[in-house]
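Enquirer: Compact mmCIF, C-alpha atoms, file target_15.txt:
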```txt
# COMPACT_ATOMS: atom_id res chain seq x y z
CA MET A 189 0.00 0.00 0.00
CA LEU A 190 2.81 2.41 0.85
CA ARG A 191 4.44 1.63 -2.48
CA LEU A 192 1.13 2.26 -4.26
CA CYS A 193 0.64 5.56 -2.42
CA TRP A 194 4.18 6.64 -3.25
CA SER A 195 3.63 5.78 -6.92
CA LEU A 196 0.38 7.73 -7.06
CA THR A 197 2.05 10.69 -5.35
CA VAL A 198 4.91 10.69 -7.85
CA ILE A 199 2.47 10.53 -10.77
CA HIS A 200 0.45 13.37 -9.28
CA LEU A 201 3.53 15.55 -8.86
CA LEU A 202 4.63 14.80 -12.40
CA LEU A 203 1.29 15.83 -13.79
CA LEU A 204 1.29 19.04 -11.78
CA GLN A 205 4.41 19.97 -13.72
CA LEU A 206 2.53 19.59 -17.01
CA ILE A 207 2.74 22.84 -18.96
CA TYR A 208 2.74 25.13 -15.91
CA PRO A 209 4.55 27.28 -15.04
CA SER A 210 6.76 26.88 -18.09
CA ARG A 211 6.15 25.67 -21.60
CA ILE A 212 5.61 22.02 -20.67
CA HIS A 213 3.84 20.15 -23.45
CA GLN A 214 2.81 16.61 -24.52
CA SER A 215 4.32 13.53 -26.30
CA ALA A 216 3.65 9.92 -27.60
CA SER A 217 3.91 6.64 -29.48
CA ASN A 218 3.51 6.02 -33.21
CA PRO A 219 3.39 3.76 -36.28
CA ALA A 220 6.95 3.22 -37.47
CA SER A 221 6.51 4.40 -41.02
CA GLN A 222 3.80 6.27 -42.89
CA PRO A 223 2.97 6.24 -46.60
CA ARG A 224 2.60 9.39 -48.67
CA PHE A 225 -0.23 11.28 -46.99
CA HIS A 226 -3.58 11.36 -48.70
CA PRO A 227 -7.10 10.90 -47.34
CA SER A 228 -7.54 7.20 -46.64
CA SER A 229 -11.11 5.91 -46.77
CA HIS A 230 -11.75 9.31 -48.33
CA PRO A 231 -15.07 10.63 -47.00
CA ALA A 232 -15.21 13.51 -49.48
CA SER A 233 -18.58 12.32 -50.67
CA ASN A 234 -19.86 12.86 -47.13
CA PRO A 235 -17.92 15.77 -45.60
CA ALA A 236 -20.71 16.25 -43.10
CA SER A 237 -19.29 13.30 -41.21
CA TYR A 238 -16.62 15.69 -39.93
CA ARG A 239 -18.91 18.67 -39.49
CA SER A 240 -19.77 20.04 -36.11
CA GLN A 241 -23.39 19.95 -35.02
CA PRO A 242 -25.30 23.22 -35.46
CA SER A 243 -25.58 25.27 -32.30
CA THR A 244 -28.31 27.67 -31.26
CA GLN A 245 -26.15 29.01 -28.43
CA VAL A 246 -23.22 30.45 -30.37
CA ARG A 247 -24.07 33.55 -32.36
CA HIS A 248 -22.38 36.75 -33.45
CA THR A 249 -23.02 38.49 -30.14
CA VAL A 250 -20.62 41.41 -30.46
CA PRO A 251 -22.96 44.41 -30.34
CA ASN A 252 -20.52 47.21 -29.51
CA LEU A 253 -17.64 46.96 -31.96
CA THR A 254 -15.43 50.03 -31.91
CA HIS A 255 -12.22 50.88 -33.75
CA ILE A 256 -9.67 52.93 -31.86
CA LYS A 257 -6.69 54.25 -33.80
CA SER A 258 -3.34 53.76 -32.11
CA ASP A 259 -0.36 55.98 -32.82
CA ARG A 260 2.00 53.08 -32.19
CA LEU A 261 4.22 52.61 -35.24
CA VAL A 262 6.47 49.59 -35.32
CA GLN A 263 8.96 51.07 -37.73
CA ASP A 264 11.90 49.04 -36.49
CA VAL A 265 10.32 45.85 -37.84
CA GLY A 266 8.99 47.40 -41.02
CA VAL A 267 5.32 47.79 -40.08
CA LYS A 268 4.18 50.99 -41.75
CA GLU A 269 0.48 50.83 -40.91
CA ASN A 270 -0.94 52.24 -37.70
CA LEU A 271 -2.04 49.46 -35.41
CA ILE A 272 -5.77 49.26 -34.90
CA VAL A 273 -7.26 48.17 -31.61
CA ASP A 274 -10.62 46.42 -31.98
CA THR A 275 -12.54 46.39 -28.74
CA TYR A 276 -15.27 43.79 -28.44
CA LYS A 277 -17.73 44.24 -25.58
CA GLN A 278 -20.34 41.73 -24.60
CA THR A 279 -23.71 43.00 -23.38
CA GLN A 280 -23.15 41.63 -19.89
CA GLY A 281 -19.71 43.23 -19.76
CA GLU A 282 -18.13 39.99 -18.55
CA TRP A 283 -15.35 39.86 -21.11
CA LEU A 284 -13.30 42.07 -23.32
CA VAL A 285 -11.13 41.08 -26.24
CA GLN A 286 -8.60 43.48 -27.68
CA LYS A 287 -6.80 42.70 -30.87
CA ASN A 288 -3.89 44.59 -32.38
CA ILE A 289 -4.01 44.25 -36.14
CA SER A 290 -2.90 46.03 -39.27
CA ALA A 291 -5.40 45.37 -42.02
CA PRO A 292 -4.46 46.59 -45.50
CA TYR A 293 -6.63 43.84 -47.06
CA PRO A 294 -10.21 44.30 -45.82
CA GLU A 295 -11.57 41.63 -48.19
CA VAL A 296 -10.25 38.76 -46.07
CA GLY A 297 -12.09 35.50 -46.72
CA GLY A 298 -13.14 36.55 -50.22
CA VAL A 299 -11.60 37.60 -53.50
CA GLY A 300 -8.38 39.57 -53.35
CA GLY A 301 -6.86 42.02 -55.76
CA GLY A 302 -6.09 40.70 -59.24
CA GLY A 303 -8.58 37.84 -59.00
CA GLY A 304 -6.80 35.83 -56.30
CA THR A 305 -8.46 34.51 -53.16
CA LEU A 306 -7.63 35.44 -49.58
CA LEU A 307 -7.23 32.78 -46.90
CA LYS A 308 -7.21 33.89 -43.25
CA VAL A 309 -5.57 31.51 -40.76
CA LEU A 310 -5.18 31.56 -36.97
CA ASN A 311 -2.92 29.52 -34.70
CA LEU A 312 -3.09 29.49 -30.90
CA ASN A 313 -1.78 27.43 -28.01
CA LEU A 314 -4.75 27.66 -25.63
CA TRP A 315 -3.09 26.71 -22.31
CA GLY A 316 -6.11 24.54 -21.67
CA LEU A 317 -5.39 23.20 -18.20
CA GLY A 318 -7.57 24.23 -15.30
CA TRP A 319 -6.61 25.16 -11.76
CA PRO A 320 -4.09 24.45 -10.24
CA LEU A 321 -2.25 23.71 -13.50
CA GLY A 322 -3.64 26.76 -15.29
CA GLU A 323 -5.49 29.96 -14.46
CA ASP A 324 -8.85 31.47 -15.42
CA LYS A 325 -9.47 28.73 -18.01
CA ASP A 326 -13.26 28.96 -18.20
CA LEU A 327 -13.23 32.72 -18.63
CA ARG A 328 -10.46 32.59 -21.21
CA PHE A 329 -12.27 29.94 -23.26
CA MET A 330 -15.47 31.96 -23.36
CA ALA A 331 -13.54 34.92 -24.73
CA ILE A 332 -11.78 32.72 -27.29
CA ARG A 333 -15.13 31.31 -28.37
CA GLU A 334 -16.46 34.78 -29.11
CA GLU A 335 -13.30 35.72 -30.99
CA LEU A 336 -13.61 32.63 -33.19
CA VAL A 337 -17.24 33.44 -33.92
CA ALA A 338 -16.50 37.06 -34.81
CA GLY A 339 -13.02 36.72 -36.31
CA ASN A 340 -13.98 35.59 -39.83
CA TYR A 341 -11.18 33.02 -39.92
CA ASP A 342 -11.04 30.43 -42.68
CA ILE A 343 -8.87 27.90 -40.83
CA VAL A 344 -7.92 27.72 -37.15
CA MET A 345 -5.28 25.47 -35.54
CA LEU A 346 -5.38 24.98 -31.77
CA GLN A 347 -3.04 23.30 -29.31
CA GLU A 348 -3.62 22.39 -25.65
CA LEU A 349 -7.35 21.96 -26.11
CA TRP A 350 -7.23 19.09 -23.64
CA TYR A 351 -10.72 18.53 -22.31
CA ARG A 352 -13.81 17.40 -24.19
CA ALA A 353 -15.97 19.93 -22.31
CA ASP A 354 -13.77 22.78 -23.57
CA TYR A 355 -13.76 21.27 -27.06
CA ASP A 356 -17.57 21.37 -26.95
CA ILE A 357 -17.42 25.09 -26.12
CA LEU A 358 -15.39 25.86 -29.25
CA ARG A 359 -16.53 23.21 -31.72
CA ALA A 360 -19.59 25.10 -33.00
CA THR A 361 -17.79 28.39 -33.66
CA MET A 362 -17.01 27.34 -37.24
CA PRO A 363 -18.85 25.14 -39.74
CA TYR A 364 -16.35 22.24 -39.65
CA VAL A 365 -14.16 20.85 -36.88
CA SER A 366 -11.93 17.82 -36.39
CA GLN A 367 -13.81 15.33 -34.24
CA TYR A 368 -12.40 15.08 -30.74
CA ASP A 369 -11.91 11.30 -30.85
CA SER A 370 -10.27 11.40 -34.30
CA ILE A 371 -7.28 13.25 -32.90
CA ASN A 372 -7.49 12.22 -29.23
CA SER A 373 -8.15 8.50 -29.52
CA GLY A 374 -7.66 6.78 -26.16
CA CYS A 375 -7.69 10.09 -24.31
CA THR A 376 -8.92 10.26 -20.74
CA SER A 377 -9.59 13.90 -19.95
CA PHE A 378 -11.91 13.81 -16.94
CA ILE A 379 -9.44 15.36 -14.49
CA LEU A 380 -6.08 15.19 -16.26
CA PRO A 381 -5.45 14.87 -20.02
CA LEU A 382 -3.97 11.36 -19.94
CA GLY A 383 -3.17 10.13 -23.45
CA CYS A 384 -4.54 13.31 -25.10
CA SER A 385 -2.93 15.23 -27.96
CA GLY A 386 -4.66 18.56 -27.25
CA LEU A 387 -4.88 19.33 -30.99
CA THR A 388 -7.91 20.62 -32.93
CA VAL A 389 -8.53 22.06 -36.41
CA LEU A 390 -11.55 24.23 -37.26
CA SER A 391 -12.48 25.35 -40.76
CA LYS A 392 -14.96 27.35 -42.78
CA TYR A 393 -14.51 24.74 -45.54
CA PRO A 394 -15.21 20.97 -45.46
CA ILE A 395 -12.76 18.81 -43.52
CA VAL A 396 -12.71 15.46 -45.32
CA ASP A 397 -10.03 13.57 -43.41
CA VAL A 398 -8.50 13.87 -39.94
CA ARG A 399 -5.81 11.85 -38.21
CA LEU A 400 -3.18 11.97 -35.51
CA ILE A 401 0.25 10.47 -36.17
CA PRO A 402 1.72 9.96 -32.68
CA PHE A 403 5.43 10.62 -32.33
CA ASN A 404 7.80 7.66 -31.97
CA HIS A 405 9.95 9.67 -29.57
CA ARG A 406 8.60 10.83 -26.24
CA GLY A 407 9.60 12.69 -23.11
CA ASN A 408 11.54 11.08 -20.29
CA PHE A 409 9.67 9.82 -17.23
CA TRP A 410 12.52 10.97 -14.97
CA ARG A 411 12.50 14.53 -16.24
CA PHE A 412 9.37 15.17 -14.17
CA ASP A 413 7.67 17.31 -16.79
CA GLY A 414 4.52 15.25 -17.41
CA GLU A 415 5.32 14.63 -21.08
CA ILE A 416 5.15 10.86 -20.71
CA PHE A 417 1.46 10.96 -19.74
CA VAL A 418 0.13 12.76 -22.80
CA ARG A 419 0.09 11.74 -26.45
CA LYS A 420 2.00 14.18 -28.57
CA GLY A 421 1.99 13.83 -32.30
CA LEU A 422 1.22 15.51 -35.60
CA GLY A 423 -2.44 16.33 -36.23
CA ILE A 424 -3.37 16.27 -39.92
CA ALA A 425 -6.58 17.51 -41.54
CA ARG A 426 -7.38 17.61 -45.25
CA ILE A 427 -9.64 20.50 -46.24
CA LEU A 428 -11.47 21.09 -49.53
CA TYR A 429 -10.89 24.77 -50.23
CA LEU A 430 -12.89 25.80 -53.29
CA ASP A 431 -11.35 23.62 -56.04
CA LYS A 432 -8.11 23.03 -54.12
CA THR A 433 -6.93 20.69 -51.38
CA ILE A 434 -5.23 21.95 -48.23
CA ASP A 435 -3.35 19.72 -45.79
CA VAL A 436 -3.28 21.31 -42.34
CA PHE A 437 -0.57 20.12 -39.94
CA THR A 438 -0.52 21.11 -36.29
CA THR A 439 1.63 19.95 -33.39
CA HIS A 440 3.06 20.75 -29.98
CA LEU A 441 6.63 19.49 -29.56
CA VAL A 442 8.16 18.32 -26.30
CA SER A 443 8.63 20.94 -23.61
CA TYR A 444 11.58 22.53 -21.89
CA THR A 445 12.32 24.53 -18.78
CA LYS A 446 16.00 24.92 -19.65
CA ALA A 447 17.43 25.21 -23.15
CA ASP A 448 18.87 21.69 -23.18
CA ASP A 449 15.80 19.93 -21.75
CA ASN A 450 14.44 17.27 -24.11
CA LYS A 451 16.69 18.62 -26.87
CA LEU A 452 17.22 15.26 -28.58
CA VAL A 453 13.55 14.27 -28.28
CA ARG A 454 12.49 17.61 -29.79
CA TYR A 455 14.93 17.12 -32.67
CA MET A 456 13.52 13.64 -33.38
CA GLN A 457 9.92 14.88 -33.18
CA ALA A 458 10.79 17.69 -35.59
CA THR A 459 12.34 15.15 -37.95
CA GLU A 460 9.15 13.09 -37.91
CA THR A 461 7.09 16.23 -38.50
CA VAL A 462 9.15 17.36 -41.49
CA ASN A 463 9.12 13.88 -43.02
CA LEU A 464 5.33 13.71 -42.85
CA ILE A 465 4.84 17.22 -44.20
CA SER A 466 7.17 16.50 -47.12
CA LYS A 467 4.92 13.59 -48.15
CA SER A 468 1.81 15.74 -48.52
CA ASP A 469 0.37 15.79 -52.04
CA ALA A 470 -2.09 18.62 -51.35
CA ASP A 471 -2.21 21.80 -53.43
CA ILE A 472 -1.53 23.89 -50.33
CA THR A 473 0.15 22.92 -47.06
CA LEU A 474 -0.30 24.82 -43.79
CA PHE A 475 1.57 24.28 -40.55
CA GLY A 476 0.78 25.86 -37.21
CA GLY A 477 2.02 24.91 -33.79
CA ASP A 478 4.15 25.34 -30.73
CA ILE A 479 7.53 23.73 -31.44
CA ASN A 480 9.17 24.92 -28.20
CA ALA A 481 12.19 26.12 -30.17
CA THR A 482 13.38 29.57 -31.15
CA PRO A 483 13.78 30.54 -34.83
CA ILE A 484 17.36 29.35 -35.30
CA ASP A 485 17.62 28.77 -39.04
CA ASN A 486 19.90 25.77 -38.81
CA MET A 487 19.39 22.32 -40.31
CA HIS A 488 19.98 20.77 -36.90
CA GLN A 489 17.31 22.88 -35.14
CA PRO A 490 13.53 22.28 -35.34
CA TYR A 491 12.80 25.68 -36.91
CA GLY A 492 15.52 25.31 -39.52
CA MET A 493 14.29 21.81 -40.33
CA LEU A 494 10.75 23.07 -40.92
CA ARG A 495 12.11 25.84 -43.14
CA THR A 496 13.50 23.24 -45.54
CA VAL A 497 9.94 22.38 -46.60
CA LEU A 498 7.89 25.45 -45.59
CA LYS A 499 7.93 29.25 -45.65
CA ASP A 500 7.58 31.23 -42.41
CA ALA A 501 4.58 33.56 -42.79
CA MET A 502 6.03 36.14 -40.39
CA VAL A 503 9.40 36.28 -42.12
CA ASP A 504 7.58 36.40 -45.46
CA LYS A 505 5.93 39.65 -44.36
CA TYR A 506 8.63 41.06 -42.05
CA PRO A 507 12.09 39.79 -43.07
CA GLY A 508 14.76 40.05 -40.43
CA SER A 509 12.32 40.21 -37.50
CA SER A 510 12.53 36.66 -36.23
CA PHE A 511 14.01 37.57 -32.86
CA HIS A 512 12.27 40.88 -32.30
CA PRO A 513 10.56 40.83 -28.87
CA LEU A 514 7.44 42.34 -30.42
CA PHE A 515 6.82 38.94 -32.03
CA ALA A 516 7.59 36.86 -28.93
CA THR A 517 4.79 34.31 -28.63
CA PHE A 518 5.80 33.34 -25.08
CA GLY A 519 6.98 35.85 -22.49
CA ASN A 520 5.57 38.75 -24.49
CA SER A 521 5.55 42.00 -22.56
CA GLU A 522 1.80 42.32 -23.23
CA ASN A 523 0.94 38.90 -21.77
CA THR A 524 -0.48 39.09 -18.25
CA TYR A 525 0.66 35.54 -17.38
CA THR A 526 4.15 35.26 -18.89
CA ARG A 527 5.49 38.81 -19.22
CA HIS A 528 8.06 38.03 -16.51
CA TYR A 529 9.62 35.24 -18.63
CA LYS A 530 12.27 35.70 -21.27
CA PRO A 531 10.51 36.73 -24.53
CA GLU A 532 10.80 33.96 -27.12
CA ARG A 533 9.20 33.16 -30.46
CA ILE A 534 8.32 29.46 -30.25
CA ASP A 535 4.94 29.33 -32.07
CA TYR A 536 4.78 29.49 -35.87
CA LEU A 537 2.56 29.73 -38.94
CA MET A 538 4.13 28.27 -42.10
CA TYR A 539 2.96 27.33 -45.58
CA ARG A 540 3.81 26.12 -49.06
CA SER A 541 1.98 25.52 -52.35
CA ILE A 542 2.51 23.54 -55.52
CA ASP A 543 4.30 25.25 -58.42
CA SER A 544 1.12 26.12 -60.33
CA ILE A 545 -0.32 28.00 -57.34
CA SER A 546 1.16 31.30 -56.21
CA MET A 547 0.84 31.98 -52.49
CA LYS A 548 2.21 34.80 -50.38
CA THR A 549 1.60 36.42 -47.01
CA VAL A 550 -0.19 39.76 -47.42
CA GLU A 551 -0.92 40.24 -43.73
CA PHE A 552 0.73 38.84 -40.62
CA THR A 553 -0.31 39.85 -37.13
CA MET A 554 0.22 38.69 -33.60
CA PRO A 555 -3.08 39.70 -32.01
CA ILE A 556 -2.91 40.77 -28.39
CA MET A 557 -6.12 39.20 -27.07
CA LEU A 558 -7.26 40.14 -23.59
CA THR A 559 -10.38 39.42 -21.57
CA ARG A 560 -11.87 41.06 -18.48
CA ALA A 561 -12.68 39.00 -15.42
CA ALA A 562 -15.70 39.63 -13.21
CA ASP A 563 -13.43 41.23 -10.60
CA GLY A 564 -12.18 43.74 -13.18
CA ARG A 565 -8.81 42.12 -13.91
CA ILE A 566 -7.63 42.32 -17.52
CA ILE A 567 -6.08 38.98 -18.48
CA SER A 568 -4.64 37.39 -21.61
CA VAL A 569 -6.62 34.61 -23.29
CA SER A 570 -3.59 32.28 -23.03
CA ASP A 571 -0.01 32.17 -21.82
CA HIS A 572 0.97 32.20 -25.51
CA GLU A 573 0.10 34.79 -28.16
CA PRO A 574 -2.05 33.96 -31.20
CA LEU A 575 -0.69 34.19 -34.73
CA SER A 576 -2.83 35.30 -37.67
CA ALA A 577 -1.88 35.38 -41.33
CA THR A 578 -3.78 36.22 -44.49
CA PHE A 579 -2.54 34.59 -47.68
CA LEU A 580 -3.17 35.76 -51.23
CA ILE A 581 -3.58 32.74 -53.50
CA HIS A 582 -3.52 32.66 -57.32
CA ASP A 583 -4.25 29.37 -59.06
CA TYR A 584 -2.73 29.35 -62.54
CA ARG A 585 -3.88 25.86 -63.50
CA ASN A 586 -7.17 27.11 -64.94
CA HIS A 587 -5.35 29.82 -66.90
CA THR A 588 -3.05 27.21 -68.43
CA GLN A 589 -5.98 25.00 -69.40
CA ALA A 590 -7.79 27.94 -70.99
CA ARG A 591 -4.75 28.83 -73.09
CA THR A 592 -4.44 25.21 -74.20
CA LEU A 593 -8.09 25.07 -75.29
CA ASN A 594 -7.74 28.33 -77.22
```
Starting from the file, give its structure as structure tokens.

Expert:
Amino acid sequence: MLRLCWSLTVIHLLLLQLIYPSRIHQSASNPASQPRFHPSSHPASNPASYRSQPSTQVRHTVPNLTHIKSDRLVQDVGVKENLIVDTYKQTQGEWLVQKNISAPYPEVGGVGGGGGTLLKVLNLNLWGLGWPLGEDKDLRFMAIREELVAGNYDIVMLQELWYRADYDILRATMPYVSQYDSINSGCTSFILPLGCSGLTVLSKYPIVDVRLIPFNHRGNFWRFDGEIFVRKGLGIARILYLDKTIDVFTTHLVSYTKADDNKLVRYMQATETVNLISKSDADITLFGGDINATPIDNMHQPYGMLRTVLKDAMVDKYPGSSFHPLFATFGNSENTYTRHYKPERIDYLMYRSIDSISMKTVEFTMPIMLTRAADGRIISVSDHEPLSATFLIHDYRNHTQARTLN
């Protein structure tokens, strides 16, 4: 009995380390090799099988939208537009979301200049653990729900969405969502997220295939960071976007509290991620996630490895700004939970397209999203910052076919 109690105590202490107070994230097991990725048992004829159920509770309830011009110019990173602060106020006054954006392309989600289409994408690590592992989770998730409803996003990638109850809060904010069990198979999330991946993809367009490829390489039990209890891997969703296919990849690599923690495991997980992304045969590939690594553009670092197959949306828009503290996704000076940590960019939005499709970043923002608690405190919606990018897409395949017919 004493041995059992000691074991349970050790497990409890390990799990308390999970994600809080530092960037402690999940890990897993996996099939040894994967074929070239394409939708298996392709349910394209019945995309509704992946569609969220309609909700009568989630509506566009943002009655008092105001736009406040800010005189803050970020000239040192090449941002020439004034930042705009959008203040969303709910009728009850229980929450407040502020979002810093520069918006030179107001037609987001529709047709862009020159006949191209605009695709608006959001990535966010939600910090989805409740007390005592996290803080203010329920309030933060309600604010995030309203932002997703009002934000006019085309595709959203989320990490650390651990619990089914929280998934149910967000699932109806967009027409299509990856089913909880499809990416969290075997997950027990009643009290602690045992065996869960924490990954979710939402979309305005049909999701026709979803899967989780668990990582072969996991955290170490004796590092006491909780990684061994969760199921980290690469979440993959195929989306039918107009007449094109998009493969969406999202992940959350192994954590660290010191620079060398889990360094080899993170390298191996990044290798698995890059190998799977390189096998995608979709027209467009999107990647969003928390890789727990700074933007060191080196073939032996996770970021540099991803850059061999993908373009960094932030660097695409603001070259030379990778290490600017303004773009720190963890430890940002505006974050009410992590401003006392060292500012680091460890979350990313990346993309690529086939040769016959031109794709570029026309807008990249790191929204500062805040919510107001009932006691008047202003708090961030996560311990990480969101990333938003708008891509301008031109498909030249139809032009080529037209010239051939003529």

Enquirer: So how far away is atom CA of Met493 of chain A from atom CA of Asp397 of chain A, in Å?

Expert: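 Straight-line distance from atom CA of Asp397 of chain A to atom CA of Met493 of chain A works out to 25.9 Å.
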
Enquirer: With only C-alpha atoms as the atoms that count, which of A:Tyr506, A:Trp319, A:Phe511, A:Tyr351 lies nearest to Lys530 of chain A?

Expert: A:Phe511

Enquirer: Calculate how many Å separate atom CA of Gly386 of chain A from atom CA of Gly322 of chain A, rounding to one decimal.

Expert: 14.5 Å

Enquirer: Which residues are near Ser521 of chain A? Cut-off 12 Å, all atoms listed in the file, ignore same chain within fewer than 3 positions. Put them as a list in words.

Expert: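 Contacts, with the query itself left out: His512, Pro513, Leu514, Phe515, Ala516, Thr517, Phe518, Thr524, Tyr525, Thr526, Arg527, His528, Tyr529, Lys530, Pro531, Glu532, Ile556, Ser568, Asp571, His572 and Glu573 of chain A.
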
Enquirer: Which is closer to Leu314 of chain A than all the others in A:Val569, A:Leu327, A:Val344, A:Ala360, using all atoms listed in the file?

Expert: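 For Leu314 of chain A, the nearest of the given residues is A:Val569.
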
Enquirer: Just give me the gap between atom CA of His582 of chain A and atom CA of Pro483 of chain A in Å, one decimal is fine.

Expert: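 Interatomic distance, atom CA of His582 of chain A to atom CA of Pro483 of chain A: 28.5 Å.
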
Enquirer: May I ask which of the residues A:Leu441, A:Gly304, A:Ile427, A:Ile567 is the closest one to Tyr584 of chain A, counting all atoms listed in the file?

Expert: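 Closest to Tyr584 of chain A of all the choices is A:Gly304.
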
Enquirer: Pull segment 434-476 of chain A out of the block and emit C-alpha atoms, as a CSV table (one decimal), in the first residue's frame.

Expert:
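Output contents, as saved in out.csv:
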```
chain,number,residue,atom,x,y,z
A,434,ILE,CA,-5.2,21.9,-48.2
A,435,ASP,CA,-3.4,19.7,-45.8
A,436,VAL,CA,-3.3,21.3,-42.3
A,437,PHE,CA,-0.6,20.1,-39.9
A,438,THR,CA,-0.5,21.1,-36.3
A,439,THR,CA,1.6,20.0,-33.4
A,440,HIS,CA,3.1,20.7,-30.0
A,441,LEU,CA,6.6,19.5,-29.6
A,442,VAL,CA,8.2,18.3,-26.3
A,443,SER,CA,8.6,20.9,-23.6
A,444,TYR,CA,11.6,22.5,-21.9
A,445,THR,CA,12.3,24.5,-18.8
A,446,LYS,CA,16.0,24.9,-19.6
A,447,ALA,CA,17.4,25.2,-23.1
A,448,ASP,CA,18.9,21.7,-23.2
A,449,ASP,CA,15.8,19.9,-21.7
A,450,ASN,CA,14.4,17.3,-24.1
A,451,LYS,CA,16.7,18.6,-26.9
A,452,LEU,CA,17.2,15.3,-28.6
A,453,VAL,CA,13.6,14.3,-28.3
A,454,ARG,CA,12.5,17.6,-29.8
A,455,TYR,CA,14.9,17.1,-32.7
A,456,MET,CA,13.5,13.6,-33.4
A,457,GLN,CA,9.9,14.9,-33.2
A,458,ALA,CA,10.8,17.7,-35.6
A,459,THR,CA,12.3,15.2,-37.9
A,460,GLU,CA,9.2,13.1,-37.9
A,461,THR,CA,7.1,16.2,-38.5
A,462,VAL,CA,9.2,17.4,-41.5
A,463,ASN,CA,9.1,13.9,-43.0
A,464,LEU,CA,5.3,13.7,-42.9
A,465,ILE,CA,4.8,17.2,-44.2
A,466,SER,CA,7.2,16.5,-47.1
A,467,LYS,CA,4.9,13.6,-48.1
A,468,SER,CA,1.8,15.7,-48.5
A,469,ASP,CA,0.4,15.8,-52.0
A,470,ALA,CA,-2.1,18.6,-51.4
A,471,ASP,CA,-2.2,21.8,-53.4
A,472,ILE,CA,-1.5,23.9,-50.3
A,473,THR,CA,0.1,22.9,-47.1
A,474,LEU,CA,-0.3,24.8,-43.8
A,475,PHE,CA,1.6,24.3,-40.5
A,476,GLY,CA,0.8,25.9,-37.2
```
